[in-house]
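Undergrad: CSV, C-alpha atoms and all ligand atoms, saved as run_4.csv, coming up:
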```csv
chain,number,residue,atom,x,y,z
A,10,MET,CA,-65.2,-90.5,-1.5
A,11,THR,CA,-65.9,-94.2,-1.0
A,12,THR,CA,-67.0,-95.7,2.3
A,13,PRO,CA,-64.5,-98.3,3.4
A,14,SER,CA,-65.6,-101.9,3.8
A,15,ASP,CA,-65.8,-103.4,7.3
A,16,GLU,CA,-62.7,-105.5,6.5
A,17,ARG,CA,-60.7,-102.4,5.3
A,18,GLU,CA,-61.7,-100.5,8.5
A,19,ARG,CA,-60.6,-103.5,10.6
A,20,ARG,CA,-57.1,-103.6,8.9
A,21,GLU,CA,-56.7,-99.8,9.3
A,22,ALA,CA,-57.5,-100.1,13.0
A,23,VAL,CA,-55.1,-103.0,13.4
A,24,LEU,CA,-52.3,-100.9,11.8
A,25,LEU,CA,-53.1,-97.9,14.0
A,26,ASP,CA,-53.0,-100.1,17.1
A,27,ARG,CA,-49.6,-101.5,16.1
A,28,VAL,CA,-48.2,-98.1,15.6
A,29,LEU,CA,-49.5,-96.9,19.0
A,30,ARG,CA,-48.0,-100.0,20.7
A,31,SER,CA,-44.6,-99.2,19.1
A,32,PHE,CA,-44.3,-96.4,21.8
A,33,ASP,CA,-44.8,-98.8,24.7
A,34,ASP,CA,-41.2,-98.6,25.8
A,35,CYS,CA,-40.9,-94.8,25.5
A,36,ALA,CA,-39.2,-93.9,28.8
A,37,ASP,CA,-40.4,-90.3,28.7
A,38,PRO,CA,-44.1,-90.2,29.7
A,39,ARG,CA,-44.8,-86.8,28.3
A,40,LEU,CA,-43.1,-87.6,25.0
A,41,ARG,CA,-45.2,-90.8,24.9
A,42,GLU,CA,-48.4,-89.0,25.5
A,43,VAL,CA,-47.7,-86.4,22.8
A,44,MET,CA,-46.6,-89.1,20.2
A,45,LEU,CA,-49.7,-91.3,20.9
A,46,SER,CA,-52.0,-88.4,20.5
A,47,LEU,CA,-50.2,-87.2,17.4
A,48,VAL,CA,-50.4,-90.6,15.8
A,49,ARG,CA,-54.1,-91.0,16.7
A,50,HIS,CA,-55.0,-87.6,15.2
A,51,LEU,CA,-52.8,-88.2,12.1
A,52,HIS,CA,-54.3,-91.6,11.3
A,53,GLY,CA,-57.8,-90.1,12.1
A,54,PHE,CA,-57.1,-87.4,9.5
A,55,LEU,CA,-55.8,-89.8,6.9
A,56,ARG,CA,-58.8,-92.1,7.4
A,57,GLU,CA,-61.4,-89.4,7.6
A,58,VAL,CA,-60.4,-87.8,4.2
A,59,ARG,CA,-59.4,-91.2,2.7
A,60,LEU,CA,-56.1,-89.6,1.6
A,61,THR,CA,-55.0,-90.8,-1.9
A,62,GLU,CA,-51.4,-91.7,-2.5
A,63,LYS,CA,-51.1,-88.8,-4.9
A,64,GLU,CA,-52.3,-86.4,-2.2
A,65,TRP,CA,-49.9,-88.0,0.3
A,66,ALA,CA,-47.0,-87.4,-2.2
A,67,ALA,CA,-48.2,-83.8,-2.7
A,68,GLY,CA,-48.1,-83.3,1.0
A,69,ILE,CA,-44.5,-84.7,1.2
A,70,ALA,CA,-43.5,-82.4,-1.7
A,71,PHE,CA,-45.0,-79.4,0.2
A,72,LEU,CA,-43.1,-80.2,3.4
A,73,THR,CA,-39.9,-80.8,1.4
A,74,ALA,CA,-40.3,-77.4,-0.3
A,75,ALA,CA,-40.9,-75.8,3.1
A,76,GLY,CA,-37.6,-77.3,4.3
A,77,ASP,CA,-35.8,-76.2,1.2
A,78,ILE,CA,-36.7,-72.5,1.6
A,79,THR,CA,-36.0,-72.5,5.4
A,80,GLY,CA,-32.7,-71.1,6.5
A,81,PRO,CA,-31.2,-68.5,8.9
A,82,LYS,CA,-33.4,-65.8,7.4
A,83,ARG,CA,-36.6,-67.7,6.6
A,84,GLN,CA,-38.6,-70.1,8.7
A,85,GLU,CA,-41.4,-71.6,6.5
A,86,PHE,CA,-42.6,-74.1,9.1
A,87,ILE,CA,-43.4,-71.3,11.6
A,88,LEU,CA,-45.2,-69.5,8.9
A,89,LEU,CA,-47.2,-72.7,8.2
A,90,SER,CA,-48.0,-73.0,11.9
A,91,ASP,CA,-49.0,-69.3,11.9
A,92,VAL,CA,-51.4,-69.6,8.9
A,93,LEU,CA,-53.0,-72.8,10.3
A,94,GLY,CA,-53.7,-71.1,13.6
A,95,ALA,CA,-51.4,-73.5,15.4
A,96,SER,CA,-49.1,-70.7,16.7
A,97,MET,CA,-52.1,-68.8,18.1
A,98,GLN,CA,-53.7,-71.9,19.5
A,99,THR,CA,-50.5,-72.7,21.4
A,100,ILE,CA,-50.3,-69.2,22.8
A,101,THR,CA,-54.0,-69.4,23.7
A,102,ILE,CA,-53.4,-72.7,25.6
A,103,ASN,CA,-50.4,-71.4,27.5
A,104,ASP,CA,-51.2,-67.7,28.0
A,105,GLU,CA,-53.8,-68.3,30.7
A,106,ALA,CA,-55.7,-65.1,31.6
A,107,HIS,CA,-54.1,-63.6,34.7
A,108,GLY,CA,-56.1,-60.7,36.1
A,109,ASP,CA,-56.0,-57.9,33.7
A,110,ALA,CA,-52.6,-58.8,32.3
A,111,THR,CA,-52.0,-57.8,28.7
A,112,GLU,CA,-52.7,-60.6,26.2
A,113,ALA,CA,-50.1,-62.2,24.1
A,114,THR,CA,-50.1,-62.8,20.3
A,115,VAL,CA,-47.8,-64.2,17.6
A,116,PHE,CA,-44.1,-63.4,17.6
A,117,GLY,CA,-43.6,-63.4,13.8
A,118,PRO,CA,-40.3,-63.7,12.0
A,119,PHE,CA,-39.1,-60.1,12.0
A,120,PHE,CA,-37.8,-59.6,15.5
A,121,VAL,CA,-34.0,-58.8,15.6
A,122,GLU,CA,-31.7,-59.0,18.6
A,123,ASP,CA,-29.6,-55.9,19.5
A,124,SER,CA,-32.0,-53.3,18.3
A,125,PRO,CA,-30.9,-49.7,18.9
A,126,ARG,CA,-31.8,-48.0,22.2
A,127,VAL,CA,-33.9,-44.9,22.1
A,128,PRO,CA,-34.7,-42.6,25.1
A,129,ILE,CA,-38.3,-42.3,26.4
A,130,GLY,CA,-40.0,-40.1,23.7
A,131,GLY,CA,-37.4,-41.1,21.1
A,132,ASP,CA,-38.1,-42.0,17.5
A,133,ILE,CA,-37.9,-45.7,16.5
A,134,ALA,CA,-38.6,-45.0,12.8
A,135,PHE,CA,-35.0,-44.2,11.8
A,136,GLY,CA,-36.3,-42.9,8.5
A,137,ALA,CA,-38.8,-45.7,7.8
A,138,PRO,CA,-41.4,-44.1,5.5
A,139,GLY,CA,-44.8,-43.6,7.1
A,140,GLU,CA,-47.1,-41.2,9.0
A,141,PRO,CA,-45.6,-40.3,12.4
A,142,CYS,CA,-47.3,-41.9,15.3
A,143,LEU,CA,-46.8,-41.2,19.0
A,144,VAL,CA,-47.3,-44.3,21.3
A,145,GLU,CA,-47.5,-43.7,25.1
A,146,GLY,CA,-48.4,-45.8,28.1
A,147,THR,CA,-47.3,-47.4,31.3
A,148,VAL,CA,-45.9,-50.7,32.3
A,149,THR,CA,-47.5,-52.0,35.5
A,150,ASP,CA,-47.8,-55.4,37.3
A,151,THR,CA,-51.2,-57.0,37.9
A,152,ALA,CA,-51.4,-55.3,41.3
A,153,GLY,CA,-51.3,-51.9,39.4
A,154,ARG,CA,-47.7,-51.1,40.6
A,155,PRO,CA,-45.5,-49.3,38.1
A,156,VAL,CA,-42.7,-51.5,36.6
A,157,PRO,CA,-39.6,-49.3,36.2
A,158,GLY,CA,-36.7,-50.5,34.1
A,159,ALA,CA,-38.8,-52.8,31.8
A,160,ARG,CA,-37.2,-53.4,28.4
A,161,ILE,CA,-39.7,-52.6,25.7
A,162,GLU,CA,-38.7,-53.9,22.2
A,163,VAL,CA,-40.8,-52.5,19.4
A,164,TRP,CA,-40.8,-53.3,15.7
A,165,GLU,CA,-43.0,-52.6,12.7
A,166,ALA,CA,-43.3,-52.6,8.9
A,167,ASP,CA,-43.0,-49.4,7.0
A,168,GLU,CA,-45.9,-47.9,4.9
A,169,ASP,CA,-44.7,-49.9,1.9
A,170,GLY,CA,-45.4,-53.0,3.9
A,171,ARG,CA,-41.8,-54.1,4.5
A,172,TYR,CA,-39.7,-54.6,7.6
A,173,ASP,CA,-36.1,-53.3,7.5
A,174,VAL,CA,-34.8,-56.8,7.2
A,175,GLN,CA,-36.7,-57.3,4.0
A,176,TYR,CA,-34.5,-54.8,2.2
A,177,ASP,CA,-31.1,-55.9,1.0
A,178,ASP,CA,-29.2,-52.8,2.2
A,179,ASP,CA,-28.7,-53.7,5.9
A,180,ARG,CA,-30.8,-50.8,7.2
A,181,THR,CA,-32.1,-50.7,10.7
A,182,ALA,CA,-35.4,-48.8,10.7
A,183,GLY,CA,-38.8,-49.2,12.4
A,184,ARG,CA,-37.3,-51.0,15.4
A,185,ALA,CA,-35.7,-50.1,18.7
A,186,HIS,CA,-35.9,-50.7,22.4
A,187,LEU,CA,-36.5,-48.3,25.3
A,188,ILE,CA,-36.6,-48.7,29.1
A,189,SER,CA,-39.7,-47.7,31.1
A,190,GLY,CA,-39.1,-44.8,33.6
A,191,ASP,CA,-39.2,-44.8,37.4
A,192,ASP,CA,-43.0,-44.3,37.2
A,193,GLY,CA,-43.4,-47.2,34.7
A,194,ARG,CA,-44.1,-44.7,31.9
A,195,TYR,CA,-42.8,-45.0,28.3
A,196,ALA,CA,-43.4,-43.1,25.0
A,197,PHE,CA,-41.9,-43.3,21.6
A,198,TRP,CA,-42.5,-42.0,18.1
A,199,GLY,CA,-42.9,-44.6,15.3
A,200,ILE,CA,-45.1,-44.7,12.2
A,201,THR,CA,-48.8,-45.4,12.0
A,202,PRO,CA,-49.2,-49.2,11.3
A,203,THR,CA,-50.5,-50.2,7.9
A,204,PRO,CA,-51.5,-53.6,6.5
A,205,TYR,CA,-48.9,-55.8,4.8
A,206,PRO,CA,-48.6,-59.4,3.5
A,207,ILE,CA,-46.7,-62.1,5.3
A,208,PRO,CA,-44.0,-63.6,3.2
A,209,HIS,CA,-46.0,-65.4,0.5
A,210,ASP,CA,-43.4,-66.2,-2.2
A,211,GLY,CA,-42.9,-69.7,-0.9
A,212,PRO,CA,-44.9,-72.9,-0.3
A,213,VAL,CA,-47.1,-71.3,2.4
A,214,GLY,CA,-48.0,-68.5,-0.1
A,215,GLU,CA,-48.9,-71.2,-2.7
A,216,LEU,CA,-51.1,-72.9,-0.1
A,217,LEU,CA,-52.9,-69.6,0.7
A,218,ALA,CA,-53.4,-68.9,-3.0
A,219,ALA,CA,-54.7,-72.5,-3.7
A,220,THR,CA,-57.2,-72.2,-0.8
A,221,GLY,CA,-58.4,-68.7,-1.7
A,222,ARG,CA,-56.9,-67.1,1.4
A,223,SER,CA,-55.2,-63.7,1.6
A,224,PRO,CA,-51.6,-63.3,3.0
A,225,MET,CA,-52.5,-59.9,4.5
A,226,ARG,CA,-52.1,-59.1,8.2
A,227,ALA,CA,-54.1,-56.5,10.0
A,228,SER,CA,-52.1,-53.3,10.7
A,229,HIS,CA,-50.1,-53.7,13.9
A,230,LEU,CA,-47.1,-52.7,15.9
A,231,HIS,CA,-45.0,-55.4,17.7
A,232,PHE,CA,-44.0,-55.3,21.4
A,233,MET,CA,-41.8,-57.6,23.5
A,234,VAL,CA,-41.6,-56.5,27.1
A,235,THR,CA,-39.3,-58.0,29.7
A,236,ALA,CA,-38.8,-57.0,33.3
A,237,ALA,CA,-37.4,-58.7,36.4
A,238,GLY,CA,-40.0,-60.8,38.2
A,239,CYS,CA,-42.4,-60.7,35.3
A,240,ARG,CA,-43.3,-63.2,32.6
A,241,ARG,CA,-42.0,-62.1,29.1
A,242,LEU,CA,-44.8,-60.5,27.1
A,243,VAL,CA,-44.8,-60.9,23.3
A,244,THR,CA,-47.7,-59.0,21.7
A,245,HIS,CA,-48.9,-56.4,19.2
A,246,ILE,CA,-51.3,-53.5,19.2
A,247,PHE,CA,-53.8,-53.3,16.3
A,248,VAL,CA,-55.5,-50.2,14.8
A,249,ARG,CA,-59.2,-49.9,15.6
A,250,GLY,CA,-61.2,-49.6,12.3
A,251,ASP,CA,-58.7,-51.5,10.2
A,252,GLU,CA,-60.7,-53.6,7.7
A,253,LEU,CA,-58.5,-56.6,8.2
A,254,LEU,CA,-59.1,-57.1,11.9
A,255,ASP,CA,-61.4,-60.1,11.4
A,256,ARG,CA,-59.3,-61.5,8.5
A,257,ASP,CA,-55.8,-61.5,9.9
A,258,SER,CA,-53.9,-64.2,8.0
A,259,VAL,CA,-52.3,-65.6,11.2
A,260,PHE,CA,-55.3,-65.1,13.5
A,261,GLY,CA,-53.3,-62.8,15.8
A,262,VAL,CA,-56.0,-60.2,16.6
A,263,LYS,CA,-57.5,-60.1,20.2
A,264,ASP,CA,-60.1,-57.5,21.0
A,265,SER,CA,-58.1,-56.2,24.0
A,266,LEU,CA,-55.2,-55.4,21.7
A,267,VAL,CA,-57.2,-53.2,19.3
A,268,LYS,CA,-56.4,-49.6,20.1
A,269,ASP,CA,-57.6,-46.2,19.0
A,270,PHE,CA,-55.0,-44.5,16.8
A,271,GLU,CA,-56.3,-40.9,16.9
A,272,ARG,CA,-55.4,-39.0,13.7
A,273,HIS,CA,-54.4,-35.4,14.0
A,274,PRO,CA,-54.5,-32.9,11.1
A,275,ALA,CA,-51.4,-31.3,9.9
A,276,GLY,CA,-50.4,-28.4,12.1
A,277,THR,CA,-51.7,-30.0,15.3
A,278,PRO,CA,-49.0,-29.4,18.0
A,279,ALA,CA,-47.6,-32.6,19.4
A,280,PRO,CA,-47.5,-32.9,23.2
A,281,ASP,CA,-43.7,-33.0,23.3
A,282,GLY,CA,-43.3,-30.0,21.0
A,283,ARG,CA,-42.1,-32.1,18.0
A,284,ALA,CA,-42.5,-30.3,14.7
A,285,VAL,CA,-44.3,-33.0,12.8
A,286,GLY,CA,-45.0,-31.3,9.5
A,287,GLY,CA,-48.0,-33.4,8.3
A,288,THR,CA,-50.7,-35.5,9.8
A,289,TRP,CA,-49.8,-37.7,12.7
A,290,SER,CA,-51.5,-40.3,15.0
A,291,GLN,CA,-51.5,-41.0,18.6
A,292,ALA,CA,-52.2,-44.2,20.5
A,293,ARG,CA,-52.2,-45.3,24.2
A,294,PHE,CA,-51.1,-48.8,25.3
A,295,ASP,CA,-50.9,-49.6,29.0
A,296,ILE,CA,-49.0,-52.8,29.4
A,297,VAL,CA,-49.8,-55.1,32.4
A,298,LEU,CA,-47.3,-57.8,33.1
A,299,THR,CA,-48.0,-61.2,34.6
A,300,PRO,CA,-45.8,-62.3,37.6
A,301,GLU,CA,-43.1,-64.7,36.6
A,302,GLY,CA,-44.1,-68.4,37.0
A,303,LYS,CA,-47.8,-67.7,36.6
B,1,LIG,C1,-45.5,-60.5,11.6
B,1,LIG,O1,-46.4,-59.9,12.1
B,1,LIG,O2,-44.4,-59.9,11.5
B,1,LIG,C2,-45.7,-61.9,11.1
B,1,LIG,C3,-46.4,-62.8,11.9
B,1,LIG,C4,-46.5,-64.1,11.5
B,1,LIG,C5,-46.1,-64.4,10.2
B,1,LIG,C6,-45.4,-63.5,9.4
B,1,LIG,C7,-45.3,-62.2,9.9
B,2,FE,FE,-45.6,-57.9,11.9
```
When written as structure tokens, how does the structure in this file appear?
Ligand code: BEZ
Ligand code: FE
TA:
Amino acid sequence: MTTPSDERERREAVLLDRVLRSFDDCADPRLREVMLSLVRHLHGFLREVRLTEKEWAAGIAFLTAAGDITGPKRQEFILLSDVLGASMQTITINDEAHGDATEATVFGPFFVEDSPRVPIGGDIAFGAPGEPCLVEGTVTDTAGRPVPGARIEVWEADEDGRYDVQYDDDRTAGRAHLISGDDGRYAFWGITPTPYPIPHDGPVGELLAATGRSPMRASHLHFMVTAAGCRRLVTHIFVRGDELLDRDSVFGVKDSLVKDFERHPAGTPAPDGRAVGGTWSQARFDIVLTPEGK
């Protein structure tokens, strides 16, 4: 990489200054602040790496390909934001610690509205292949009071590493919602989470391959919890001992979200009397919701 001459540096600075001043008449102060910072960082990046025209064209081709593959069922730009850590950084900036409230993590692309409702203790697997797993806990507020009537959405990949929406047969499996009881308690059967790759058959997958990165996510189970008077919580729980915990492709792991999934040998009676048949696991996840507006 060549060091630019003083004259070239001067011209680059003049251009940057002209671009920054083009926002002088922006009536929205926040938009102006965001755009000025974006332009400063963008020019800083271009100048720091001394971007070649060929590299600039490759970048444009990459973004064009991301746009081409994006549609109602695929959002490549969010995936890009995820693998660059921008999604988690935005969550980290906005999810200010509030007492012992449960931490948030990435949403991901596999949430589906109108999931089936199951009763407390019901089975969200709906035939998804995998080892049965009992998840139990409470929903409380940061004062420790039970939150009854919270809507708990859960969704997860099957043991073959696929969400129901990744099959082309319109199945609904590995997802449901349930409502916490009067004492804030909830419980459901799902399947023990296993690792799976994020969609990597598009430009983001090519980027990961070109940079020697894996598309694999640490094993997890998604939650979205909503309740009156509380901030919506989007999070996952992860499996303690999973070898991908420190290499999650979207940087979603937080220590507080790593849970023990206790494995039980075949024949161990389940607490609710379910005849499981083989091995099964059991996890506890107590959910603490932040008050709305905090
Ligand atoms: C997921 O966990 O479902 C996910 C999150 C980010 C990108 C792709 C998938
Ligand atoms: Fe996921």
Undergrad: Name all residues at most 9 Å from A:Ile161 (count all atoms listed in the file; drop same-chain ones fewer than 3 positions away) and give them as a PyMOL selection string.
TA: chain A and resi 185-189+195+232-236
Undergrad: Quick one: distance from atom CA of A:Ile200 to atom CA of A:Pro274 in Å, one decimal?
TA: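 Spanning atom CA of A:Ile200 to atom CA of A:Pro274 is a straight-line distance of 15.1 Å.
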Undergrad: Counting only C-alpha atoms and all ligand atoms, which of A:Ser290, A:Thr203, A:Thr299, A:Thr151 gets nearest to ligand LIG 1 (chain B)?
TA: A:Thr203
Undergrad: Nearest to A:Arg154: which of A:His50, A:Gly193, A:Phe247, A:Gly130 is it, counting only C-alpha atoms?
TA: A:Gly193
Undergrad: So that I can check the surroundings of A:Lys82, please list as a PDB file with C-alpha atoms, in the frame of the given file every protein, DNA and RNA residue that reaches within 10 Å of it, counting only C-alpha atoms and ignoring chain neighbours fewer than 6 positions away.
TA:
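Once everything was written out, this is part.pdb:
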```pdb
ATOM      1  CA  PRO A 118     -40.300 -63.700  12.000  1.00  0.00           C
ATOM      2  CA  PHE A 119     -39.100 -60.100  12.000  1.00  0.00           C
ATOM      3  CA  VAL A 174     -34.800 -56.800   7.200  1.00  0.00           C
ATOM      4  CA  GLN A 175     -36.700 -57.300   4.000  1.00  0.00           C
TER       5      GLN A 175
END
```
Undergrad: For each of A:Glu140, A:Ile129, A:Val262, A:Ser228, take the minimum atom-to-atom distance to A:Asp281, counting all atoms listed in the file, then give the residue where this is smallest.
TA: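 Once distances to A:Asp281 are computed over all atoms listed in the file, the minimum belongs to A:Ile129.
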Undergrad: Could you pull out the residues sitting within 7 Å of ligand FE 2 (chain B), using all atoms listed in the file, and write them as a PyMOL selection string?
TA: chain A and resi 117+119+165-166+229-231
Undergrad: Given all atoms listed in the file as the basis, pick out the residue of A:Thr181, A:Ser96, A:Thr147, A:Thr79 nearest to ligand LIG 1 (chain B).
TA: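 Smallest distance to ligand LIG 1 (chain B) is found for A:Ser96.
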Undergrad: Collect all residues with atoms no farther than 10 Å from ligand LIG 1 (chain B), counting only C-alpha atoms and all ligand atoms, and output them as number ranges by chain.
TA: A: 84-85, 87-92, 96-97, 114-120, 164-166, 171-172, 204-209, 224-231, 244-245, 257-261
Undergrad: Quick one, how far is atom CA of A:Cys239 from atom CA of A:Val297?
TA: 9.7 Å
Undergrad: Quick one: of A:Val127, A:Ala182, A:Ile296, A:Leu51, who's nearest to A:Gly139, counting only C-alpha atoms?
TA: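 Going through A:Val127, A:Ala182, A:Ile296, A:Leu51 one by one, the smallest distance to A:Gly139 is for A:Ala182.
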Undergrad: Looking at A:Thr201, A:Gln98, A:Gln291, A:Ser223, which one is nearest to A:Arg256, with distances taken over only C-alpha atoms?
TA: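 Smallest separation from A:Arg256 among the options: A:Ser223.
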Undergrad: Report, in Å with one decimal, the straight-line distance from atom CA of A:Asp34 to atom CA of A:Arg56.
TA: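 The value is 26.3 Å.
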Undergrad: Within 7 Å of stretch 134-138 of chain A, which residues of stretch 162-250 of chain A come that close, and what is the closest atom pair and distance in Å for each? Count all atoms listed in the file and give it as a Markdown table.
TA:
```
| residue | atom | partner | partner_atom | distance |
| --- | --- | --- | --- | --- |
| A:Asp167 | CA | A:Ala137 | CA | 5.7 |
| A:Glu168 | CA | A:Pro138 | CA | 5.9 |
| A:Ala182 | CA | A:Phe135 | CA | 4.7 |
| A:Gly183 | CA | A:Ala134 | CA | 4.2 |
| A:Arg184 | CA | A:Ala134 | CA | 6.7 |
| A:Gly199 | CA | A:Ala134 | CA | 5.0 |
| A:Ile200 | CA | A:Ala134 | CA | 6.5 |
```
Undergrad: List the spatial neighbours of A:Asp33 as a VMD selection string - criterion: any atom at most 12 Å away, all atoms listed in the file, same-chain residues fewer than 6 positions off excluded.
TA: chain A and resid 26 to 27 40 to 42 44 to 45
Undergrad: Any idea what's packed within 6 Å of A:Val267, counting all atoms listed in the file, ignoring anything in its chain fewer than 4 positions away? Could you give it as an MDAnalysis selection string?
TA: chainID A and resid 246:249
Undergrad: Kindly output stretch 264-272 of chain A as a compact mmCIF listing (two decimals), in the frame of the given file, after building all heavy atoms.
TA:
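For reference, selection.txt as written:
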```txt
# COMPACT_ATOMS: atom_id res chain seq x y z
N ASP A 264 -59.38 -58.77 20.84
CA ASP A 264 -60.10 -57.50 21.00
C ASP A 264 -59.37 -56.55 21.95
O ASP A 264 -59.32 -55.34 21.71
CB ASP A 264 -61.50 -57.77 21.63
CG ASP A 264 -62.44 -58.39 20.60
OD1 ASP A 264 -62.07 -58.40 19.41
OD2 ASP A 264 -63.51 -58.87 21.01
N SER A 265 -58.76 -57.10 23.02
CA SER A 265 -58.10 -56.20 24.00
C SER A 265 -56.89 -55.52 23.44
O SER A 265 -56.38 -54.58 24.05
CB SER A 265 -57.70 -57.05 25.24
OG SER A 265 -56.64 -57.93 24.88
N LEU A 266 -56.40 -55.99 22.30
CA LEU A 266 -55.20 -55.40 21.70
C LEU A 266 -55.50 -54.38 20.61
O LEU A 266 -54.60 -53.81 20.02
CB LEU A 266 -54.29 -56.51 21.15
CG LEU A 266 -53.83 -57.56 22.18
CD1 LEU A 266 -53.05 -58.68 21.49
CD2 LEU A 266 -52.98 -56.92 23.27
N VAL A 267 -56.80 -54.19 20.34
CA VAL A 267 -57.20 -53.20 19.30
C VAL A 267 -57.28 -51.84 19.99
O VAL A 267 -58.00 -51.67 20.97
CB VAL A 267 -58.55 -53.61 18.68
CG1 VAL A 267 -58.98 -52.58 17.65
CG2 VAL A 267 -58.45 -55.01 18.05
N LYS A 268 -56.51 -50.88 19.47
CA LYS A 268 -56.40 -49.60 20.10
C LYS A 268 -56.84 -48.46 19.19
O LYS A 268 -56.73 -48.58 17.97
CB LYS A 268 -54.93 -49.31 20.54
CG LYS A 268 -54.35 -50.38 21.44
CD LYS A 268 -55.03 -50.40 22.80
CE LYS A 268 -54.59 -51.59 23.64
NZ LYS A 268 -55.42 -51.79 24.82
N ASP A 269 -57.28 -47.35 19.81
CA ASP A 269 -57.60 -46.20 19.00
C ASP A 269 -56.29 -45.49 18.61
O ASP A 269 -55.44 -45.24 19.46
CB ASP A 269 -58.40 -45.16 19.86
CG ASP A 269 -59.77 -45.71 20.22
OD1 ASP A 269 -60.43 -46.24 19.31
OD2 ASP A 269 -60.15 -45.64 21.40
N PHE A 270 -56.15 -45.26 17.33
CA PHE A 270 -55.00 -44.50 16.80
C PHE A 270 -55.66 -43.14 16.36
O PHE A 270 -56.19 -43.05 15.26
CB PHE A 270 -54.31 -45.16 15.66
CG PHE A 270 -53.35 -46.23 16.11
CD1 PHE A 270 -53.80 -47.41 16.67
CD2 PHE A 270 -51.98 -46.04 15.99
CE1 PHE A 270 -52.91 -48.40 17.10
CE2 PHE A 270 -51.08 -47.02 16.41
CZ PHE A 270 -51.55 -48.19 16.97
N GLU A 271 -55.64 -42.16 17.25
CA GLU A 271 -56.30 -40.90 16.90
C GLU A 271 -55.48 -40.13 15.91
O GLU A 271 -54.27 -39.94 16.09
CB GLU A 271 -56.39 -40.07 18.25
CG GLU A 271 -57.32 -38.90 18.16
CD GLU A 271 -57.25 -38.01 19.41
OE1 GLU A 271 -56.68 -38.44 20.42
OE2 GLU A 271 -57.77 -36.88 19.33
N ARG A 272 -56.15 -39.73 14.81
CA ARG A 272 -55.40 -39.00 13.70
C ARG A 272 -55.52 -37.52 14.00
O ARG A 272 -56.59 -37.00 14.33
CB ARG A 272 -56.09 -39.31 12.37
CG ARG A 272 -56.14 -40.77 12.01
CD ARG A 272 -54.79 -41.32 11.60
NE ARG A 272 -54.18 -40.68 10.47
CZ ARG A 272 -54.54 -40.84 9.20
NH1 ARG A 272 -55.55 -41.63 8.89
NH2 ARG A 272 -53.90 -40.23 8.23
```
